[in-house]
Amino acid sequence: MIVLGIETSCDETSAAVMSDSGLLSNEISSQLVHVKYGGVVPELASRAHIELIVPVVKAALAGARIDFSQLDAVAVTYGPGLVGSILVGLNFAKAMALSLNIHFIGINHIEGHIFANFVHGSGPPSPFITLIVSGGHTQLVLVQEPGQYQILGSTKDDAAGEAFDKVSKMLELGYPGGPAIDKAANEGDSTYIEFPRTRLKDESFDFSFSGLKTAVLYHIKSLAPEQLQAHRADIAACFQDAATDALIQQTLRALAHHKIDTIAVVGGVARNSLLRKKLARTSDENSLNLFIPEPILCTDNAAMIARAGYFHVLKNEFSPLTLSPMPSLKL
Ligand code: KG4
Ligand code: ZN
């Protein structure tokens, strides 16, 4: 069986081919048009998807050395995300399914991220807890088995990636903020100042990043321009240290509470070098099984969508061609 995956929910136009023998290709075109605006401009994202969708799909098929006629199914993100962006991939996939007479499967983007850990190899053994940390979502999910999800906790305010992006803006480090903070923090001193590790008072497994973000903002405002210049990397390092501690602290609590020893981490923030380092160390110290995809499969990509599609095809779960985009879709 051969499944084409398509992902256009935000600012990456991506197509990938998954077959019984594994991933055959994964084309990702990151839209650079947003850089000068310091964030994703929805209208520009949709227009860029329209320009990129045909070449990206063609490149994915060429990379997999197959042609359209060999496809059995097409899987595509139908939410959550930017409605105009989702529409481009969704309509393209519907047209392909209709004209080629192949299966059509709409994929929840968040479930897609979970499947990033299944793209290569057999993936984490069930049950496991997955930490989803992206620009739009920060959630702890108990996966009883793929397809069966129980949300244990979510962010009460900003998503982790959003906090990275906003702090990067405050520090004038550029966009996208996560990689910029990651890079600057490498040169910084993480003992320069201790920012709060917000832990909500209740017993929930929820997250909150607004207190940390505000603490960074107040600290920046308290500095003279030359002090800020001198300590930019230090502030990045201290913010990154606090944000990653907060993520790991809640994850460990959830694992202990549910007596689970397998942790899978996905989403753009899972690319963060300090988070990866801390997770590896914590997993060693606590004898946990850690699954974290290679960096390219952490940020938005169609390989994870194709893999989720492959899973649903095997279960005979398909979508109607009347499927609408759902910008606020939940897991
Ligand atoms: O999963 P993703 O590509 O898109 C969403 O579904 O949101 O995640 C994008 C987020 C952005 O906020 C970006 O700043 C963050 O992932 N990110 C990082 C790193 N690379 C990307 N955050 C921290 N460190 C990184 N190295
Ligand atoms: Zn994503």
# chains A, B, ... in the order shown; residues from 1 in each chain; ligands from 1

call {"tool": "residues_near_ligand", "arguments": {"ligand": "ligand 1", "cutoff": "9 Å", "atoms": "only C-alpha atoms and all ligand atoms", "output": "PyMOL selection string"}}
result
chain A and resi 9-12+80-81+109-110+113+132-137+159-166+168+175-183+240+266-275+295+297-301

call {"tool": "write_last_selection", "arguments": {"atoms": "N, CA and C atoms", "output": "short mmCIF file (atom, residue, chain, number, x, y, z; two decimals), in the first residue's frame"}}
result
data_model
loop_
_atom_site.label_atom_id
_atom_site.label_comp_id
_atom_site.auth_asym_id
_atom_site.auth_seq_id
_atom_site.Cartn_x
_atom_site.Cartn_y
_atom_site.Cartn_z
N SER A 9 -1.16 23.13 7.05
CA SER A 9 -1.99 23.80 8.06
C SER A 9 -1.45 25.15 8.51
N CYS A 10 -0.16 25.39 8.30
CA CYS A 10 0.40 26.68 8.74
C CYS A 10 1.31 27.24 7.65
N ASP A 11 2.61 27.26 7.87
CA ASP A 11 3.49 27.88 6.88
C ASP A 11 4.50 26.92 6.26
N GLU A 12 4.27 25.61 6.41
CA GLU A 12 5.10 24.64 5.68
C GLU A 12 4.19 23.98 4.64
N PRO A 80 -6.18 21.16 13.35
CA PRO A 80 -6.41 22.60 13.45
C PRO A 80 -5.35 23.37 12.65
N GLY A 81 -5.58 24.65 12.43
CA GLY A 81 -4.63 25.47 11.70
C GLY A 81 -5.31 26.68 11.08
N HIS A 109 -4.18 17.33 12.69
CA HIS A 109 -2.76 17.70 12.73
C HIS A 109 -2.07 17.27 14.04
N ILE A 110 -2.82 17.35 15.15
CA ILE A 110 -2.21 16.99 16.46
C ILE A 110 -1.96 15.49 16.51
N HIS A 113 1.16 14.82 14.61
CA HIS A 113 2.40 14.99 15.38
C HIS A 113 2.71 13.72 16.19
N ILE A 132 3.16 16.96 23.58
CA ILE A 132 3.08 17.66 22.29
C ILE A 132 3.43 19.12 22.54
N VAL A 133 4.54 19.56 21.97
CA VAL A 133 5.00 20.93 22.21
C VAL A 133 5.27 21.61 20.87
N SER A 134 4.28 22.42 20.44
CA SER A 134 4.47 23.08 19.14
C SER A 134 4.16 24.56 19.28
N GLY A 135 4.02 25.23 18.13
CA GLY A 135 3.72 26.66 18.16
C GLY A 135 2.27 26.91 18.56
N GLY A 136 1.40 25.94 18.29
CA GLY A 136 -0.02 26.12 18.56
C GLY A 136 -0.52 25.30 19.75
N HIS A 137 0.25 24.30 20.17
CA HIS A 137 -0.27 23.36 21.17
C HIS A 137 0.78 22.96 22.19
N ALA A 159 1.09 28.50 24.06
CA ALA A 159 1.77 27.23 23.77
C ALA A 159 3.27 27.47 23.97
N ALA A 160 4.01 26.38 24.23
CA ALA A 160 5.44 26.53 24.50
C ALA A 160 6.16 27.24 23.34
N GLY A 161 5.86 26.82 22.12
CA GLY A 161 6.53 27.42 20.95
C GLY A 161 6.19 28.90 20.80
N GLU A 162 4.94 29.22 21.15
CA GLU A 162 4.49 30.61 21.10
C GLU A 162 5.31 31.45 22.09
N ALA A 163 5.57 30.89 23.28
CA ALA A 163 6.37 31.60 24.29
C ALA A 163 7.79 31.82 23.75
N PHE A 164 8.36 30.80 23.11
CA PHE A 164 9.70 30.96 22.50
C PHE A 164 9.66 32.08 21.46
N ASP A 165 8.61 32.07 20.62
CA ASP A 165 8.51 33.07 19.55
C ASP A 165 8.37 34.48 20.12
N LYS A 166 7.55 34.61 21.19
CA LYS A 166 7.32 35.94 21.76
C LYS A 166 8.57 36.46 22.48
N SER A 168 11.61 35.65 21.80
CA SER A 168 12.58 35.98 20.75
C SER A 168 12.31 37.38 20.19
N TYR A 175 12.78 35.77 13.77
CA TYR A 175 11.71 34.79 13.58
C TYR A 175 12.19 33.73 12.59
N PRO A 176 11.87 32.44 12.76
CA PRO A 176 11.10 31.89 13.87
C PRO A 176 11.90 31.92 15.17
N GLY A 177 11.19 32.14 16.27
CA GLY A 177 11.85 32.42 17.54
C GLY A 177 12.52 31.23 18.19
N GLY A 178 11.90 30.05 18.08
CA GLY A 178 12.46 28.88 18.76
C GLY A 178 13.91 28.62 18.40
N PRO A 179 14.21 28.45 17.10
CA PRO A 179 15.61 28.20 16.72
C PRO A 179 16.52 29.37 17.08
N ALA A 180 15.99 30.61 17.04
CA ALA A 180 16.81 31.78 17.37
C ALA A 180 17.20 31.77 18.85
N ILE A 181 16.23 31.45 19.71
CA ILE A 181 16.52 31.37 21.16
C ILE A 181 17.50 30.23 21.42
N ASP A 182 17.25 29.09 20.78
CA ASP A 182 18.10 27.91 20.95
C ASP A 182 19.56 28.27 20.64
N LYS A 183 19.76 28.98 19.53
CA LYS A 183 21.10 29.35 19.08
C LYS A 183 21.74 30.37 20.04
N GLN A 240 15.07 29.74 28.32
CA GLN A 240 15.03 28.37 27.78
C GLN A 240 15.13 27.34 28.90
N VAL A 266 6.93 15.25 20.88
CA VAL A 266 6.76 15.66 19.47
C VAL A 266 6.44 17.15 19.38
N GLY A 267 6.47 17.69 18.16
CA GLY A 267 6.16 19.11 17.92
C GLY A 267 7.43 19.92 17.76
N GLY A 268 7.28 21.12 17.22
CA GLY A 268 8.43 21.95 16.88
C GLY A 268 9.41 22.18 18.02
N VAL A 269 8.89 22.35 19.24
CA VAL A 269 9.78 22.64 20.38
C VAL A 269 10.63 21.40 20.74
N ALA A 270 10.19 20.23 20.29
CA ALA A 270 10.99 19.01 20.53
C ALA A 270 12.32 19.07 19.77
N ARG A 271 12.47 20.06 18.91
CA ARG A 271 13.77 20.27 18.25
C ARG A 271 14.77 20.93 19.18
N ASN A 272 14.26 21.52 20.27
CA ASN A 272 15.13 22.34 21.13
C ASN A 272 16.28 21.50 21.71
N SER A 273 17.48 22.00 21.55
CA SER A 273 18.64 21.19 21.93
C SER A 273 18.72 20.97 23.43
N LEU A 274 18.36 21.99 24.22
CA LEU A 274 18.42 21.81 25.68
C LEU A 274 17.33 20.84 26.15
N LEU A 275 16.12 20.98 25.58
CA LEU A 275 15.03 20.06 25.95
C LEU A 275 15.44 18.62 25.65
N PRO A 295 14.99 15.79 14.30
CA PRO A 295 14.45 17.16 14.27
C PRO A 295 13.51 17.46 13.10
N LEU A 297 11.33 15.72 11.73
CA LEU A 297 9.99 15.17 11.96
C LEU A 297 9.29 15.80 13.16
N CYS A 298 10.00 16.73 13.86
CA CYS A 298 9.37 17.42 15.01
C CYS A 298 8.52 18.58 14.51
N THR A 299 9.09 19.45 13.68
CA THR A 299 8.32 20.56 13.11
C THR A 299 7.36 20.00 12.05
N ASP A 300 6.45 20.86 11.58
CA ASP A 300 5.41 20.39 10.67
C ASP A 300 5.99 19.71 9.42
N ASN A 301 5.45 18.56 9.10
CA ASN A 301 5.93 17.77 7.95
C ASN A 301 4.82 16.83 7.52
#

call {"tool": "residues_around", "arguments": {"residues": "Ala306 in chain A", "least_positions_apart": "4", "cutoff": "7 Å", "atoms": "only C-alpha atoms", "output": "NGL selection string"}}
result
:A and (3-5 or 16-18 or 75 or 302 or 310)

call {"tool": "atom_distance", "arguments": {"atom1": "CA of Val143 in chain A", "atom2": "CA of Phe128 in chain A"}}
result
5.4 Å

call {"tool": "closest_residue", "arguments": {"among": "A:Leu98, A:Leu200, A:Ala303, A:Ile50", "to": "Ser14 in chain A", "atoms": "only C-alpha atoms"}}
result
A:Ala303

call {"tool": "closest_residue", "arguments": {"among": "A:Ile114, A:Leu247, A:Leu82, A:Ile53", "to": "Ser154 in chain A", "atoms": "only C-alpha atoms"}}
result
A:Leu247

call {"tool": "residues_around", "arguments": {"residues": "His231 in chain A", "least_positions_apart": "4", "cutoff": "10 Å", "atoms": "only C-alpha atoms", "output": "PyMOL selection string"}}
result
chain A and resi 171+188-189+192+220+223+225-227+235-237

call {"tool": "select_by_dssp", "arguments": {"residues": "range 16-91 of chain A", "states": "alpha helix (DSSP H)", "output": "VMD selection string"}}
result
chain A and resid 42 to 64 83 to 91

call {"tool": "write_last_selection", "arguments": {"atoms": "N, CA, C and O atoms", "output": "tab-separated table (two decimals), in the first residue's frame"}}
result
chain	number	residue	atom	x	y	z
A	42	PRO	N	-1.43	35.03	7.58
A	42	PRO	CA	-2.30	33.98	7.02
A	42	PRO	C	-2.56	34.10	5.52
A	42	PRO	O	-2.46	33.11	4.79
A	43	GLU	N	-2.86	35.31	5.04
A	43	GLU	CA	-3.18	35.47	3.62
A	43	GLU	C	-1.97	35.12	2.74
A	43	GLU	O	-2.09	34.47	1.69
A	44	LEU	N	-0.79	35.54	3.20
A	44	LEU	CA	0.43	35.22	2.42
A	44	LEU	C	0.72	33.72	2.46
A	44	LEU	O	1.22	33.14	1.49
A	45	ALA	N	0.39	33.10	3.60
A	45	ALA	CA	0.62	31.65	3.73
A	45	ALA	C	-0.25	30.91	2.71
A	45	ALA	O	0.23	30.03	1.99
A	46	SER	N	-1.54	31.28	2.62
A	46	SER	CA	-2.43	30.58	1.68
A	46	SER	C	-1.92	30.74	0.25
A	46	SER	O	-1.90	29.78	-0.52
A	47	ARG	N	-1.53	31.98	-0.09
A	47	ARG	CA	-1.06	32.21	-1.46
A	47	ARG	C	0.20	31.40	-1.76
A	47	ARG	O	0.36	30.85	-2.84
A	48	ALA	N	1.10	31.33	-0.77
A	48	ALA	CA	2.33	30.55	-0.98
A	48	ALA	C	2.01	29.07	-1.13
A	48	ALA	O	2.62	28.37	-1.95
A	49	HIS	N	1.04	28.56	-0.35
A	49	HIS	CA	0.66	27.15	-0.49
A	49	HIS	C	0.16	26.87	-1.91
A	49	HIS	O	0.47	25.84	-2.50
A	50	ILE	N	-0.64	27.83	-2.44
A	50	ILE	CA	-1.19	27.64	-3.80
A	50	ILE	C	-0.04	27.51	-4.82
A	50	ILE	O	-0.08	26.66	-5.71
A	51	GLU	N	0.98	28.33	-4.63
A	51	GLU	CA	2.12	28.27	-5.57
A	51	GLU	C	2.94	27.00	-5.39
A	51	GLU	O	3.49	26.45	-6.34
A	52	LEU	N	3.03	26.53	-4.14
A	52	LEU	CA	3.97	25.45	-3.84
A	52	LEU	C	3.38	24.04	-3.91
A	52	LEU	O	4.12	23.07	-4.08
A	53	ILE	N	2.05	23.93	-3.80
A	53	ILE	CA	1.48	22.59	-3.61
A	53	ILE	C	1.80	21.63	-4.78
A	53	ILE	O	2.19	20.48	-4.54
A	54	VAL	N	1.69	22.13	-6.02
A	54	VAL	CA	1.95	21.22	-7.15
A	54	VAL	C	3.43	20.80	-7.20
A	54	VAL	O	3.73	19.60	-7.23
A	55	PRO	N	4.38	21.75	-7.19
A	55	PRO	CA	5.78	21.31	-7.21
A	55	PRO	C	6.17	20.43	-6.02
A	55	PRO	O	6.96	19.48	-6.18
A	56	VAL	N	5.61	20.72	-4.84
A	56	VAL	CA	5.99	19.92	-3.66
A	56	VAL	C	5.46	18.50	-3.79
A	56	VAL	O	6.17	17.52	-3.51
A	57	VAL	N	4.21	18.34	-4.23
A	57	VAL	CA	3.66	16.98	-4.40
A	57	VAL	C	4.44	16.23	-5.49
A	57	VAL	O	4.80	15.06	-5.32
A	58	LYS	N	4.73	16.93	-6.59
A	58	LYS	CA	5.50	16.28	-7.67
A	58	LYS	C	6.87	15.84	-7.17
A	58	LYS	O	7.35	14.75	-7.49
A	59	ALA	N	7.51	16.69	-6.35
A	59	ALA	CA	8.84	16.35	-5.82
A	59	ALA	C	8.76	15.15	-4.89
A	59	ALA	O	9.66	14.29	-4.88
A	60	ALA	N	7.68	15.07	-4.10
A	60	ALA	CA	7.53	13.93	-3.18
A	60	ALA	C	7.36	12.63	-3.97
A	60	ALA	O	7.95	11.59	-3.63
A	61	LEU	N	6.58	12.68	-5.05
A	61	LEU	CA	6.39	11.47	-5.88
A	61	LEU	C	7.69	11.10	-6.59
A	61	LEU	O	8.08	9.93	-6.63
A	62	ALA	N	8.38	12.12	-7.12
A	62	ALA	CA	9.65	11.85	-7.80
A	62	ALA	C	10.67	11.27	-6.83
A	62	ALA	O	11.37	10.30	-7.14
A	63	GLY	N	10.71	11.84	-5.62
A	63	GLY	CA	11.65	11.35	-4.59
A	63	GLY	C	11.36	9.90	-4.22
A	63	GLY	O	12.26	9.13	-3.88
A	64	ALA	N	10.08	9.53	-4.26
A	64	ALA	CA	9.69	8.16	-3.91
A	64	ALA	C	9.77	7.22	-5.13
A	64	ALA	O	9.53	6.03	-5.02
A	83	VAL	N	-7.36	28.53	8.36
A	83	VAL	CA	-8.37	27.97	7.45
A	83	VAL	C	-7.95	28.09	5.97
A	83	VAL	O	-8.10	27.13	5.20
A	84	GLY	N	-7.41	29.24	5.58
A	84	GLY	CA	-7.02	29.42	4.17
A	84	GLY	C	-5.88	28.49	3.76
A	84	GLY	O	-5.82	28.03	2.62
A	85	SER	N	-4.99	28.21	4.70
A	85	SER	CA	-3.87	27.30	4.43
A	85	SER	C	-4.36	25.86	4.32
A	85	SER	O	-3.99	25.13	3.39
A	86	ILE	N	-5.20	25.46	5.29
A	86	ILE	CA	-5.73	24.09	5.28
A	86	ILE	C	-6.48	23.82	3.97
A	86	ILE	O	-6.33	22.75	3.36
A	87	LEU	N	-7.29	24.83	3.55
A	87	LEU	CA	-8.13	24.65	2.36
A	87	LEU	C	-7.32	24.26	1.13
A	87	LEU	O	-7.77	23.46	0.30
A	88	VAL	N	-6.10	24.81	1.00
A	88	VAL	CA	-5.29	24.53	-0.19
A	88	VAL	C	-4.94	23.04	-0.26
A	88	VAL	O	-5.19	22.37	-1.26
A	89	GLY	N	-4.40	22.51	0.84
A	89	GLY	CA	-4.03	21.09	0.85
A	89	GLY	C	-5.24	20.19	0.78
A	89	GLY	O	-5.25	19.18	0.06
A	90	LEU	N	-6.28	20.57	1.52
A	90	LEU	CA	-7.48	19.73	1.59
A	90	LEU	C	-8.15	19.62	0.21
A	90	LEU	O	-8.49	18.51	-0.23
A	91	ASN	N	-8.31	20.75	-0.47
A	91	ASN	CA	-8.96	20.70	-1.78
A	91	ASN	C	-8.10	19.97	-2.80
A	91	ASN	O	-8.60	19.24	-3.66

call {"tool": "select_by_dssp", "arguments": {"residues": "range 135-207 of chain A", "states": "strand (DSSP E or B)", "output": "JSON, numbers by chain"}}
result
{"A": [138, 139, 140, 141, 142, 143, 144, 145, 148, 149, 150, 151, 152, 153, 154, 155, 207]}

call {"tool": "write_last_selection", "arguments": {"atoms": "N, CA and C atoms", "output": "mmCIF file, in the first residue's frame"}}
result
data_model
loop_
_atom_site.group_PDB
_atom_site.id
_atom_site.type_symbol
_atom_site.label_atom_id
_atom_site.label_comp_id
_atom_site.auth_asym_id
_atom_site.auth_seq_id
_atom_site.Cartn_x
_atom_site.Cartn_y
_atom_site.Cartn_z
ATOM 1 N N THR A 138 0.329 22.792 23.417
ATOM 2 C CA THR A 138 1.184 22.193 24.447
ATOM 3 C C THR A 138 0.271 21.312 25.276
ATOM 4 N N GLN A 139 0.443 20.013 25.132
ATOM 5 C CA GLN A 139 -0.473 19.061 25.766
ATOM 6 C C GLN A 139 0.272 17.818 26.221
ATOM 7 N N LEU A 140 -0.236 17.231 27.300
ATOM 8 C CA LEU A 140 0.216 15.902 27.710
ATOM 9 C C LEU A 140 -0.937 14.952 27.414
ATOM 10 N N VAL A 141 -0.652 13.910 26.664
ATOM 11 C CA VAL A 141 -1.718 12.997 26.230
ATOM 12 C C VAL A 141 -1.340 11.559 26.593
ATOM 13 N N LEU A 142 -2.288 10.878 27.222
ATOM 14 C CA LEU A 142 -2.093 9.457 27.508
ATOM 15 C C LEU A 142 -2.587 8.675 26.295
ATOM 16 N N VAL A 143 -1.677 7.944 25.659
ATOM 17 C CA VAL A 143 -2.047 7.158 24.476
ATOM 18 C C VAL A 143 -2.220 5.708 24.936
ATOM 19 N N GLN A 144 -3.477 5.286 25.061
ATOM 20 C CA GLN A 144 -3.739 3.894 25.482
ATOM 21 C C GLN A 144 -3.259 2.952 24.397
ATOM 22 N N GLU A 145 -3.533 3.373 23.155
ATOM 23 C CA GLU A 145 -2.962 2.764 21.955
ATOM 24 C C GLU A 145 -3.176 3.778 20.841
ATOM 25 N N GLN A 148 -6.382 6.039 20.438
ATOM 26 C CA GLN A 148 -7.133 6.220 21.700
ATOM 27 C C GLN A 148 -6.393 7.185 22.601
ATOM 28 N N TYR A 149 -6.925 8.412 22.710
ATOM 29 C CA TYR A 149 -6.187 9.467 23.393
ATOM 30 C C TYR A 149 -6.969 10.019 24.581
ATOM 31 N N GLN A 150 -6.244 10.257 25.672
ATOM 32 C CA GLN A 150 -6.838 10.922 26.834
ATOM 33 C C GLN A 150 -5.960 12.129 27.162
ATOM 34 N N ILE A 151 -6.553 13.323 27.067
ATOM 35 C CA ILE A 151 -5.763 14.534 27.343
ATOM 36 C C ILE A 151 -5.605 14.693 28.848
ATOM 37 N N LEU A 152 -4.363 14.724 29.294
ATOM 38 C CA LEU A 152 -4.091 14.834 30.733
ATOM 39 C C LEU A 152 -3.919 16.283 31.147
ATOM 40 N N GLY A 153 -3.372 17.089 30.271
ATOM 41 C CA GLY A 153 -3.132 18.493 30.601
ATOM 42 C C GLY A 153 -2.855 19.293 29.344
ATOM 43 N N SER A 154 -3.151 20.603 29.437
ATOM 44 C CA SER A 154 -2.928 21.496 28.285
ATOM 45 C C SER A 154 -2.421 22.823 28.821
ATOM 46 N N THR A 155 -1.962 23.669 27.927
ATOM 47 C CA THR A 155 -1.543 24.983 28.405
ATOM 48 C C THR A 155 -2.768 25.840 28.691
ATOM 49 N N PHE A 207 -0.200 23.385 31.878
ATOM 50 C CA PHE A 207 0.996 24.237 31.778
ATOM 51 C C PHE A 207 0.565 25.696 31.747
#

call {"tool": "closest_residue", "arguments": {"among": "A:Met170, A:Val74, A:Ala264, A:Ala116", "to": "ligand 2", "atoms": "only C-alpha atoms and all ligand atoms"}}
result
A:Ala116

call {"tool": "closest_residue", "arguments": {"among": "A:Met304, A:Asp245, A:His258, A:Ser190", "to": "ligand 2", "atoms": "only C-alpha atoms and all ligand atoms"}}
result
A:Met304
